[in-house]
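Novice: Please find data03.txt (compact mmCIF, C-alpha atoms) on the next line:
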```txt
# COMPACT_ATOMS: atom_id res chain seq x y z
CA MET R 1 35.70 4.55 52.81
CA ALA R 2 37.68 4.45 56.02
CA SER R 3 40.66 6.79 56.33
CA ASP R 4 43.22 3.96 56.45
CA VAL R 5 41.81 2.42 53.26
CA LEU R 6 41.86 5.80 51.55
CA GLU R 7 45.46 6.43 52.57
CA GLN R 8 46.64 3.04 51.35
CA ALA R 9 44.85 3.52 48.02
CA VAL R 10 46.35 6.96 47.44
CA GLN R 11 49.86 6.06 48.57
CA LYS R 12 50.06 2.86 46.54
CA PHE R 13 48.52 4.35 43.42
CA LEU R 14 50.91 7.29 43.41
CA ALA R 15 53.78 4.81 43.74
CA LEU R 16 53.09 3.60 40.19
CA PRO R 17 55.49 5.16 37.65
CA LEU R 18 52.81 6.70 35.44
CA ARG R 19 52.91 9.82 33.28
CA SER R 20 49.76 10.97 35.07
CA HIS R 21 47.60 9.62 37.90
CA GLY R 22 43.87 9.95 37.38
CA PHE R 23 41.55 9.61 40.37
CA VAL R 24 37.86 9.12 39.61
CA PHE R 25 35.13 9.17 42.25
CA LEU R 26 31.91 7.42 41.28
CA GLY R 27 29.13 5.37 42.76
CA THR R 28 25.58 5.97 43.92
CA GLU R 29 26.49 9.52 45.04
CA PRO R 30 30.15 10.30 45.75
CA LEU R 31 29.25 13.59 47.44
CA SER R 32 27.62 11.65 50.27
CA ALA R 33 31.15 11.01 51.59
CA GLY R 34 31.21 14.66 52.70
CA LEU R 35 33.61 17.57 52.27
CA ASP R 36 35.97 16.33 54.98
CA PHE R 37 36.60 13.13 53.01
CA TYR R 38 37.75 15.06 49.94
CA ASN R 39 39.83 17.49 51.97
CA THR R 40 41.53 14.47 53.56
CA PHE R 41 42.05 12.96 50.11
CA ALA R 42 43.64 16.16 48.80
CA GLY R 43 45.97 16.23 51.79
CA LEU R 44 47.06 12.64 51.15
CA VAL R 45 47.85 13.42 47.53
CA ARG R 46 50.01 16.33 48.62
CA ARG R 47 51.76 14.09 51.14
CA TYR R 48 52.60 11.23 48.79
CA ALA R 49 53.01 13.00 45.45
CA THR R 50 56.48 13.68 44.11
CA PRO R 51 57.39 16.87 42.23
CA GLU R 52 56.95 14.89 38.99
CA THR R 53 53.46 13.63 39.87
CA ARG R 54 50.65 14.88 37.65
CA PRO R 55 47.41 13.97 39.41
CA SER R 56 43.96 14.65 37.97
CA TYR R 57 40.57 14.39 39.64
CA THR R 58 37.17 13.52 38.21
CA LEU R 59 33.90 13.07 40.07
CA GLN R 60 30.54 11.79 38.84
CA THR R 61 27.38 13.09 40.45
CA ASP R 62 23.80 13.95 39.57
CA GLY R 63 24.60 17.44 40.83
CA ARG R 64 21.57 17.73 43.06
CA ILE R 65 23.46 18.45 46.27
CA ILE R 66 26.25 20.61 44.91
CA THR R 67 26.59 23.67 47.15
CA ASP R 68 28.86 26.67 46.92
CA GLY R 69 31.16 24.82 49.31
CA TRP R 70 31.43 21.84 46.99
CA ALA R 71 31.99 24.06 43.96
CA GLN R 72 34.73 25.96 45.79
CA LEU R 73 36.48 22.69 46.67
CA PHE R 74 36.26 21.46 43.06
CA SER R 75 37.67 24.77 41.85
CA ALA R 76 40.51 24.81 44.38
CA GLN R 77 41.51 21.19 43.69
CA GLN R 78 40.92 21.43 39.91
CA PHE R 79 38.29 18.71 39.67
CA LEU R 80 36.45 17.82 36.48
CA VAL R 81 32.82 17.12 37.35
CA ASN R 82 30.72 14.71 35.30
CA ILE R 83 27.01 15.40 35.74
CA ASN R 84 24.85 12.30 35.32
CA LEU R 85 21.61 13.20 33.58
CA GLY R 86 18.90 10.55 33.61
CA GLY R 87 17.13 9.28 30.54
CA GLY R 88 13.59 10.41 31.32
CA ALA R 89 11.51 12.20 28.72
CA ASP R 90 11.65 15.37 30.81
CA ARG R 91 15.42 15.48 30.24
CA CYS R 92 15.10 16.14 26.54
CA GLU R 93 12.34 18.65 26.03
CA GLY R 94 14.89 21.35 25.29
CA ARG R 95 13.08 24.04 27.26
CA ALA R 96 12.62 25.21 30.84
CA GLY R 97 11.90 22.20 33.00
CA GLY R 98 13.97 19.95 30.75
CA GLY R 99 16.01 18.75 33.71
CA ARG R 100 15.71 18.55 37.47
CA MET R 101 15.83 22.04 38.93
CA ASP R 102 18.22 20.97 41.70
CA THR R 103 20.60 19.50 39.11
CA VAL R 104 20.46 22.69 37.06
CA GLN R 105 21.14 24.74 40.19
CA GLY R 106 24.14 22.53 40.94
CA ILE R 107 25.49 23.18 37.45
CA ASP R 108 24.99 26.91 37.95
CA ARG R 109 27.16 26.71 41.06
CA LEU R 110 29.90 24.95 39.09
CA LYS R 111 29.77 27.75 36.54
CA LYS R 112 29.90 30.36 39.31
CA PHE R 113 33.27 29.02 40.45
CA ASN R 114 34.56 28.14 36.94
CA VAL R 115 34.55 24.40 37.53
CA PRO R 116 34.84 22.42 34.27
CA PHE R 117 32.02 19.93 33.79
CA THR R 118 30.61 17.47 31.30
CA ILE R 119 27.15 15.98 30.93
CA ARG R 120 26.78 12.20 30.88
CA ALA R 121 23.34 11.91 29.31
CA CYS R 122 21.59 8.56 29.55
CA VAL R 123 19.77 7.77 26.32
CA SER R 124 16.75 5.57 27.04
CA SER R 125 13.56 4.53 25.32
CA ALA R 126 12.01 7.72 26.74
CA ASN R 127 14.28 10.19 24.94
CA VAL R 128 16.03 8.27 22.16
CA ASN R 129 13.61 9.66 19.57
CA SER R 130 14.41 13.28 20.51
CA PRO R 131 18.16 13.68 19.88
CA GLU R 132 17.83 17.21 18.52
CA ALA R 133 15.95 18.42 21.59
CA LEU R 134 18.41 16.75 23.96
CA TYR R 135 21.48 18.09 22.14
CA ARG R 136 20.11 21.63 22.02
CA TYR R 137 19.00 21.47 25.63
CA LEU R 138 22.51 20.54 26.77
CA ARG R 139 24.20 23.02 24.46
CA ASP R 140 21.89 26.01 24.69
CA GLU R 141 19.98 25.85 27.97
CA ILE R 142 22.47 24.04 30.19
CA GLY R 143 25.38 25.73 28.43
CA CYS R 144 27.43 22.54 28.26
CA ASP R 145 29.97 22.07 25.47
CA HIS R 146 31.12 18.57 26.50
CA HIS R 147 28.54 15.85 25.84
CA HIS R 148 28.78 12.15 26.62
CA TYR R 149 25.78 10.14 25.42
CA ILE R 150 25.34 6.71 27.00
CA PRO R 151 22.91 4.05 25.74
CA CYS R 152 20.67 2.77 28.51
CA THR R 153 20.99 -0.97 29.13
CA ASP R 154 18.30 -1.23 31.81
CA PRO R 155 15.84 -3.86 30.50
CA ASP R 156 12.89 -1.59 31.26
CA ALA R 157 14.25 1.37 29.27
CA ALA R 158 16.98 -0.01 26.99
CA VAL R 159 17.39 1.29 23.46
CA THR R 160 17.61 -0.99 20.46
CA ALA R 161 20.56 -1.06 18.10
CA ARG R 162 18.51 0.64 15.40
CA GLN R 163 17.42 3.39 17.79
CA TRP R 164 20.98 3.95 19.01
CA GLY R 165 22.33 4.19 15.49
CA GLU R 166 19.65 6.66 14.43
CA PHE R 167 20.24 8.72 17.57
CA LEU R 168 23.98 8.97 16.85
CA CYS R 169 23.39 9.87 13.20
CA ARG R 170 20.98 12.66 14.09
CA VAL R 171 23.26 14.07 16.77
CA TYR R 172 26.16 13.91 14.32
CA ASP R 173 24.18 15.89 11.74
CA LEU R 174 23.66 18.62 14.34
CA TRP R 175 27.31 18.58 15.34
CA PHE R 176 28.88 18.44 11.86
CA PRO R 177 29.83 20.84 10.48
CA ALA R 178 28.30 23.63 12.57
CA ASP R 179 29.57 22.64 16.03
CA THR R 180 32.83 20.77 15.44
CA GLN R 181 34.81 23.68 16.91
CA LYS R 182 32.29 24.44 19.66
CA VAL R 183 31.00 21.20 21.17
CA SER R 184 32.91 18.09 22.21
CA VAL R 185 30.93 14.87 21.77
CA ARG R 186 32.90 12.10 23.45
CA PHE R 187 32.08 9.38 20.93
CA PHE R 188 33.03 11.52 17.94
CA ASP R 189 36.19 12.76 19.66
CA THR R 190 37.20 9.16 20.36
CA ILE R 191 37.07 8.32 16.67
CA LEU R 192 38.98 11.44 15.71
CA ALA R 193 41.72 10.65 18.25
CA GLN R 194 42.07 7.19 16.69
CA MET R 195 42.31 8.70 13.21
CA VAL R 196 44.57 11.64 13.92
CA GLN R 197 46.79 10.45 16.77
CA GLY R 198 46.41 6.68 16.65
CA VAL R 199 45.43 6.55 20.33
CA ASP R 200 42.47 4.97 22.10
CA THR R 201 40.99 7.46 24.55
CA THR R 202 38.13 5.27 25.79
CA CYS R 203 38.21 1.66 26.95
CA GLU R 204 35.16 0.60 24.91
CA CYS R 205 37.01 1.53 21.71
CA SER R 206 40.35 0.00 22.65
CA ASN R 207 41.86 -3.45 22.18
CA ASP R 208 42.27 -4.07 25.90
CA CYS R 209 40.05 -3.55 28.95
CA ARG R 210 42.90 -2.89 31.37
CA ALA R 211 42.33 0.84 31.72
CA SER R 212 41.67 1.28 35.44
CA PHE R 213 41.19 -0.19 38.89
CA VAL R 214 38.16 0.16 41.13
CA VAL R 215 38.76 0.37 44.87
CA GLU R 216 35.65 -0.27 46.94
CA PRO R 217 35.14 1.24 50.44
CA THR R 218 36.17 -2.13 51.87
CA GLY R 219 39.51 -1.93 50.05
CA ASP R 220 38.59 -4.69 47.62
CA VAL R 221 39.97 -4.03 44.14
CA TYR R 222 38.31 -4.86 40.81
CA PRO R 223 39.25 -4.25 37.16
CA CYS R 224 36.17 -2.23 36.15
CA GLU R 225 33.15 -0.49 37.65
CA PHE R 226 30.89 -2.88 35.71
CA TYR R 227 32.69 -5.98 36.96
CA THR R 228 32.69 -5.98 40.75
CA ALA R 229 31.39 -9.51 41.27
CA PRO R 230 33.46 -11.77 43.57
CA GLU R 231 34.94 -13.71 40.66
CA TRP R 232 36.66 -10.53 39.43
CA ALA R 233 38.19 -9.50 42.77
CA LEU R 234 41.91 -8.85 42.30
CA GLY R 235 42.70 -8.51 45.99
CA ASN R 236 42.52 -5.91 48.73
CA ILE R 237 44.48 -2.67 48.84
CA MET R 238 45.25 -3.18 52.54
CA GLN R 239 47.27 -6.33 51.79
CA ASP R 240 48.36 -5.86 48.17
CA ASP R 241 49.56 -3.06 45.91
CA PHE R 242 48.87 -1.97 42.35
CA PHE R 243 52.08 -3.54 41.07
CA ALA R 244 50.67 -6.92 42.11
CA PHE R 245 47.28 -6.14 40.56
CA LEU R 246 48.92 -5.21 37.26
CA LYS R 247 50.71 -8.57 37.16
CA SER R 248 47.63 -10.54 38.19
CA PRO R 249 46.69 -13.34 35.74
CA LEU R 250 43.06 -12.46 36.42
CA TYR R 251 43.66 -8.85 35.37
CA GLU R 252 45.39 -10.04 32.21
CA ALA R 253 42.50 -12.37 31.43
CA PHE R 254 40.07 -9.53 31.95
CA GLY R 255 41.98 -7.32 29.55
CA ILE R 256 42.36 -9.72 26.65
CA ARG R 257 38.64 -10.57 26.66
CA LYS R 258 38.22 -7.34 24.70
CA ARG R 259 39.80 -8.90 21.63
CA LYS R 260 37.47 -11.89 21.68
CA TRP R 261 34.90 -10.26 19.46
CA SER R 262 32.78 -12.13 16.93
CA SER R 263 34.60 -13.56 13.92
CA THR R 264 32.22 -11.55 11.72
CA CYS R 265 33.77 -8.36 13.13
CA ASN R 266 37.06 -9.11 11.38
CA SER R 267 35.61 -8.27 7.96
CA CYS R 268 33.90 -5.08 9.15
CA ASP R 269 35.46 -1.72 8.21
CA ALA R 270 34.32 -0.26 11.54
CA LEU R 271 36.37 -2.69 13.65
CA ARG R 272 39.40 -0.39 13.59
CA TYR R 273 37.30 2.10 15.54
CA CYS R 274 34.69 0.21 17.56
CA ARG R 275 36.91 -2.77 18.55
CA GLY R 276 33.84 -4.89 19.12
CA ASP R 277 32.27 -2.37 21.54
CA CYS R 278 32.27 -2.73 25.34
CA VAL R 279 32.29 -6.33 26.53
CA LYS R 280 29.25 -5.68 28.73
CA ASN R 281 27.24 -5.02 25.55
CA ARG R 282 28.18 -8.28 23.82
CA GLU R 283 26.08 -11.33 23.16
CA MET R 284 27.35 -14.85 23.77
CA ASN R 285 28.78 -15.00 20.23
CA GLY R 286 30.89 -11.89 20.83
CA THR R 287 28.72 -9.51 18.81
CA SER R 288 27.65 -6.25 20.41
CA ASN R 289 23.92 -5.93 20.86
CA LEU R 290 24.35 -2.40 19.46
CA CYS R 291 26.32 -3.56 16.42
CA ASP R 292 23.75 -2.78 13.73
CA GLY R 293 23.29 0.73 15.05
CA LEU R 294 27.02 1.38 15.33
CA ARG R 295 27.59 0.17 11.78
CA ALA R 296 24.79 2.41 10.53
CA PHE R 297 26.47 5.37 12.22
CA TYR R 298 29.88 4.63 10.72
CA VAL R 299 28.38 4.33 7.23
CA HIS R 300 26.58 7.62 7.73
CA ALA R 301 29.36 9.64 9.35
CA MET R 302 32.70 8.34 8.10
CA PRO R 303 32.77 10.13 4.72
CA THR R 304 32.74 13.51 6.43
CA LEU R 305 34.33 12.52 9.73
CA SER R 306 37.37 11.11 7.94
CA ARG R 307 37.79 14.40 6.08
CA LEU R 308 37.60 16.30 9.34
CA GLY R 309 40.20 13.93 10.76
CA TRP R 310 42.45 14.58 7.79
CA GLN R 311 42.13 18.33 8.23
CA LEU R 312 43.05 18.02 11.91
CA TYR R 313 45.99 15.78 11.03
CA GLN R 314 47.26 18.39 8.57
CA LYS R 315 46.93 21.14 11.14
CA ILE R 316 48.66 19.24 13.95
CA ASN R 317 51.52 18.03 11.78
CA ASN R 318 51.82 21.13 9.58
CA LEU R 319 51.57 18.99 6.47
CA LYS R 320 51.01 20.13 2.92
CA PRO R 321 50.94 16.97 0.77
CA GLY R 322 50.57 17.09 -2.97
CA ARG R 323 47.19 16.68 -4.62
CA ASN R 324 48.34 13.43 -6.24
CA ASP R 325 49.62 11.89 -3.02
CA PRO R 326 47.66 9.04 -1.38
CA CYS R 327 45.00 10.34 0.99
CA PRO R 328 46.01 9.63 4.63
CA CYS R 329 42.44 8.62 5.50
CA GLY R 330 43.23 5.20 4.02
CA SER R 331 40.68 5.24 1.23
CA GLY R 332 43.29 4.33 -1.37
CA LYS R 333 42.33 7.35 -3.47
CA LYS R 334 44.49 10.29 -4.35
CA LEU R 335 44.16 13.29 -2.05
CA LYS R 336 42.54 15.40 -4.79
CA LYS R 337 39.84 12.76 -5.26
CA CYS R 338 39.16 12.25 -1.55
CA CYS R 339 39.58 14.41 1.54
CA GLY R 340 41.48 17.05 -0.39
CA ALA R 341 38.48 17.63 -2.63
CA ALA R 342 36.25 18.24 0.38
CA ALA R 343 38.73 20.69 1.85
CA GLN R 344 38.82 22.88 -1.27
```
Starting from the file, lay out its structure as structure tokens.
Specialist:
Amino acid sequence: MASDVLEQAVQKFLALPLRSHGFVFLGTEPLSAGLDFYNTFAGLVRRYATPETRPSYTLQTDGRIITDGWAQLFSAQQFLVNINLGGGADRCEGRAGGGRMDTVQGIDRLKKFNVPFTIRACVSSANVNSPEALYRYLRDEIGCDHHHYIPCTDPDAAVTARQWGEFLCRVYDLWFPADTQKVSVRFFDTILAQMVQGVDTTCECSNDCRASFVVEPTGDVYPCEFYTAPEWALGNIMQDDFFAFLKSPLYEAFGIRKRKWSSTCNSCDALRYCRGDCVKNREMNGTSNLCDGLRAFYVHAMPTLSRLGWQLYQKINNLKPGRNDPCPCGSGKKLKKCCGAAAQ
């Protein structure tokens, strides 16, 4: 990205009256831009930020070329680093050699400089049948307590709905109850945030796709990293600003597509959480191609996950309802017959 494009993107984004401004760097390998690019970026944020600005920085990388210099920059600028871990069978053996050595060395450098990181683990046909090994490898050998599992959609390695559902159920059984206070699994945390706080923390589980903008090196702006085809171009940052993009009819149309899920979804108890899944996973009729697996997970996990949500709700709100009061999980039962019974 040229320096003038970068400056326009930073200046115009920080002009938006937001509670916080999140910058995310992604692509084939964001680190290929070089240290000077990120030092320039940090300088631009300092120049255009107001005292009230609360910027945050996230970068996605496979970690293979992280040096001490990179880790020091991430530490100094308070970056969160998402490490992309491929879905090969060698990524889930749960022992030495379970991941690329250069990636592991990159993670070690992040640890050395106390840089927070998460693992974005691709779940493919090669490792979908080994959820326990993958989970333990990330938790115990990598030493990562923030996991984000992503179903592979590549035709040559895609997982089926049944496989995805079984994978989630088996990971959940490892996580609950032993690791609920130790390991953050993004999918589970998303559901808990919906239960406890009534907020949607991920776009795939929200009612609207308008969660971000993507600025390409050319300055062209799109509504999502998965939708950068010409028909979704909102404009160019060199000529337009984010206020115009927010008001764009095309951006509005992109957002409301999320609610055009299959009519069969309306009678599903899981709709309040899955919201029809990500649009990129849907068939022509609006049904997610992972639907059967997601439903299997919700049936498996919700009895205990809802109780955990209730316990968190109590703790956050300092509530002590009576045993005969309706249970806040929405079951329609009295507290003593539902989540309250599990908490005793």
Novice: Rank R:Leu312, R:Tyr137, R:Tyr222, R:Cys169 by their smallest atom-to-atom distance to Gln194 (chain R), using all atoms listed in the file, and report the top residue only.
Specialist: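 The answer is R:Leu312, which sits nearest to Gln194 (chain R).
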Novice: Using all atoms listed in the file, which of R:Phe242, R:Phe254, R:Glu166, R:Ala211 sits nearest Pro17 (chain R)?
Specialist: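 For Pro17 (chain R), the nearest of the candidates is R:Phe242.
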Novice: Identify the residues within 8 Å of coordinate (40.7, 14.0, 11.6) (same frame as the file), considering only C-alpha atoms, and give the answer as a list of chain:residue names.
Specialist: R:Leu192, R:Ala193, R:Met195, R:Val196, R:Leu305, R:Ser306, R:Arg307, R:Leu308, R:Gly309, R:Trp310, R:Gln311, R:Leu312, R:Tyr313
Novice: Pick out the residues sitting within 9 Å of region 291-297 of chain R, and hand them over as number ranges by chain; count all atoms listed in the file, and ignore anything fewer than 2 positions along from it in its own chain.
Specialist: R: 160-169, 172, 268-270, 274, 276-277, 282, 287-289, 299-302
Novice: Got a sec: who's within 10 Å of Gln239 (chain R), counting only C-alpha atoms, leaving out chain neighbours fewer than 6 positions off, as a VMD selection string?
Specialist: chain R and resid 8 219 to 220
Novice: Using all atoms listed in the file, which of the listed residues (R:Arg64, R:Arg120, R:Lys334, R:Lys320) sits closest to Asp102 (chain R)?
Specialist: R:Arg64
Novice: Within 10 Å of Thr202 (chain R), counting all atoms listed in the file, which residues show up once you throw out same-chain ones fewer than 6 positions away? Write them as an MDAnalysis selection string, please.
Specialist: chainID R and resid 186:187 189:191 193 209 211 278
Novice: For C-alpha atoms, I'd like the residues from the last selection saved as a PDB file, in the coordinates of the input.
Specialist:
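Below is the file out.pdb, written as the result:
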```pdb
ATOM      1  CA  ARG R 186      32.900  12.100  23.450  1.00  0.00           C
ATOM      2  CA  PHE R 187      32.080   9.380  20.930  1.00  0.00           C
ATOM      3  CA  ASP R 189      36.190  12.760  19.660  1.00  0.00           C
ATOM      4  CA  THR R 190      37.200   9.160  20.360  1.00  0.00           C
ATOM      5  CA  ILE R 191      37.070   8.320  16.670  1.00  0.00           C
ATOM      6  CA  ALA R 193      41.720  10.650  18.250  1.00  0.00           C
ATOM      7  CA  CYS R 209      40.050  -3.550  28.950  1.00  0.00           C
ATOM      8  CA  ALA R 211      42.330   0.840  31.720  1.00  0.00           C
ATOM      9  CA  CYS R 278      32.270  -2.730  25.340  1.00  0.00           C
TER      10      CYS R 278
END
```
Novice: Quick check, in Å to one decimal: how far apart do CA of Gly27 (chain R) and CA of Glu52 (chain R) lie?
Specialist: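 Atom-to-atom, CA of Gly27 (chain R) to CA of Glu52 (chain R), that is 29.6 Å.
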Novice: Grab the CA of Phe37 (chain R) to CA of Ala49 (chain R) distance for me, in Å with one decimal place.
Specialist: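 Atom-to-atom, CA of Phe37 (chain R) to CA of Ala49 (chain R), that is 18.1 Å.
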Novice: Taking every listed atom of region 121-133 of chain R and adding 8 Å to each side, what centre and edge lengths in Å (one decimal) does the axis-aligned box have, as lines of an AutoDock Vina configuration file?
Specialist:
```
center_x = 17.7
center_y = 11.5
center_z = 24.0
size_x = 27.3
size_y = 29.9
size_z = 27.0
```
Novice: How far is it from CA of Asn129 (chain R) to CA of Ser206 (chain R), in Å with one decimal?
Specialist: 28.6 Å
Novice: Counting all atoms listed in the file, find residues at most 9 Å from (37.8, 2.6, 43.8) (file frame) and give them as a PyMOL selection string.
Specialist: chain R and resi 9+23-26+213-217+219-222+225
Novice: Which neighbours of Pro131 (chain R) fall inside 8 Å, counting only C-alpha atoms, when residues of the same chain fewer than 2 positions from it are skipped, and could you give them as a PyMOL selection string?
Specialist: chain R and resi 92+127-129+133-135+167+170-171
Novice: Selection from above, C-alpha atoms, as a PDB file, keeping the file's coordinate frame, can you write it?
Specialist:
```
ATOM      1  CA  CYS R  92      15.100  16.140  26.540  1.00  0.00           C
ATOM      2  CA  ASN R 127      14.280  10.190  24.940  1.00  0.00           C
ATOM      3  CA  VAL R 128      16.030   8.270  22.160  1.00  0.00           C
ATOM      4  CA  ASN R 129      13.610   9.660  19.570  1.00  0.00           C
ATOM      5  CA  ALA R 133      15.950  18.420  21.590  1.00  0.00           C
ATOM      6  CA  LEU R 134      18.410  16.750  23.960  1.00  0.00           C
ATOM      7  CA  TYR R 135      21.480  18.090  22.140  1.00  0.00           C
ATOM      8  CA  PHE R 167      20.240   8.720  17.570  1.00  0.00           C
ATOM      9  CA  ARG R 170      20.980  12.660  14.090  1.00  0.00           C
ATOM     10  CA  VAL R 171      23.260  14.070  16.770  1.00  0.00           C
TER      11      VAL R 171
END
```
Novice: Determine, counting all atoms listed in the file, which protein, DNA and RNA residues have an atom within 12 Å of an atom of Tyr48 (chain R); residues of the same chain fewer than 6 positions away are not included. Present the result as a PyMOL selection string.
Specialist: chain R and resi 7-16+41-42+54-55
Novice: Would you save the residues of that selection, restricted to C-alpha atoms, as a PDB file, keeping the file's coordinate frame?
Specialist:
```pdb
ATOM      1  CA  GLU R   7      45.460   6.430  52.570  1.00  0.00           C
ATOM      2  CA  GLN R   8      46.640   3.040  51.350  1.00  0.00           C
ATOM      3  CA  ALA R   9      44.850   3.520  48.020  1.00  0.00           C
ATOM      4  CA  VAL R  10      46.350   6.960  47.440  1.00  0.00           C
ATOM      5  CA  GLN R  11      49.860   6.060  48.570  1.00  0.00           C
ATOM      6  CA  LYS R  12      50.060   2.860  46.540  1.00  0.00           C
ATOM      7  CA  PHE R  13      48.520   4.350  43.420  1.00  0.00           C
ATOM      8  CA  LEU R  14      50.910   7.290  43.410  1.00  0.00           C
ATOM      9  CA  ALA R  15      53.780   4.810  43.740  1.00  0.00           C
ATOM     10  CA  LEU R  16      53.090   3.600  40.190  1.00  0.00           C
ATOM     11  CA  PHE R  41      42.050  12.960  50.110  1.00  0.00           C
ATOM     12  CA  ALA R  42      43.640  16.160  48.800  1.00  0.00           C
ATOM     13  CA  ARG R  54      50.650  14.880  37.650  1.00  0.00           C
ATOM     14  CA  PRO R  55      47.410  13.970  39.410  1.00  0.00           C
TER      15      PRO R  55
END
```
Novice: When you count all atoms listed in the file, which of these residues is closest to Ile83 (chain R): R:Lys112, R:Lys315, R:Arg210, R:Arg100?
Specialist: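 Using all atoms listed in the file, Ile83 (chain R) sits closest to R:Arg100.
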Novice: Looking at R:Phe226, R:Phe79, R:Tyr251, R:Trp70, which one is nearest to Arg109 (chain R), with distances taken over only C-alpha atoms?
Specialist: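 Of the candidates, the smallest distance to Arg109 (chain R) is held by R:Trp70.
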Novice: Check the smallest atom-to-atom distance from each of R:Asp4, R:Glu204, R:Glu231, R:Asp179 to Arg136 (chain R) using only C-alpha atoms, then report the winner.
Specialist: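 Counting only C-alpha atoms, the residue closest to Arg136 (chain R) is R:Asp179.
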Novice: Atoms are missing here; could region 73-84 of chain R be completed with N, CA, C and O atoms and written as a compact mmCIF listing (two decimals), in the coordinates of the input?
Specialist:
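Wrote it out as rebuild.txt, contents follow:
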```txt
# COMPACT_ATOMS: atom_id res chain seq x y z
N LEU R 73 35.49 23.77 46.54
CA LEU R 73 36.48 22.69 46.67
C LEU R 73 36.90 22.19 45.29
O LEU R 73 38.10 22.00 45.03
N PHE R 74 35.93 21.95 44.40
CA PHE R 74 36.26 21.46 43.06
C PHE R 74 37.15 22.47 42.33
O PHE R 74 38.08 22.08 41.62
N SER R 75 36.87 23.74 42.50
CA SER R 75 37.67 24.77 41.85
C SER R 75 39.09 24.79 42.41
O SER R 75 40.07 24.83 41.66
N ALA R 76 39.20 24.73 43.73
CA ALA R 76 40.51 24.81 44.38
C ALA R 76 41.38 23.61 44.04
O ALA R 76 42.60 23.74 43.85
N GLN R 77 40.76 22.41 43.94
CA GLN R 77 41.51 21.19 43.69
C GLN R 77 41.54 20.80 42.21
O GLN R 77 42.07 19.76 41.84
N GLN R 78 40.93 21.62 41.37
CA GLN R 78 40.92 21.43 39.91
C GLN R 78 40.26 20.10 39.52
O GLN R 78 40.81 19.31 38.74
N PHE R 79 39.08 19.88 40.02
CA PHE R 79 38.29 18.71 39.67
C PHE R 79 37.56 18.94 38.34
O PHE R 79 37.15 20.06 38.04
N LEU R 80 37.41 17.87 37.58
CA LEU R 80 36.45 17.82 36.48
C LEU R 80 35.23 17.11 37.01
O LEU R 80 35.33 16.03 37.59
N VAL R 81 34.05 17.70 36.83
CA VAL R 81 32.82 17.12 37.35
C VAL R 81 31.97 16.59 36.20
O VAL R 81 31.65 17.34 35.26
N ASN R 82 31.63 15.31 36.26
CA ASN R 82 30.72 14.71 35.30
C ASN R 82 29.32 14.67 35.89
O ASN R 82 29.10 14.03 36.92
N ILE R 83 28.39 15.37 35.26
CA ILE R 83 27.01 15.40 35.74
C ILE R 83 26.22 14.29 35.06
O ILE R 83 26.12 14.25 33.83
N ASN R 84 25.68 13.38 35.85
CA ASN R 84 24.85 12.30 35.32
C ASN R 84 23.43 12.80 35.13
O ASN R 84 22.77 13.20 36.10
```
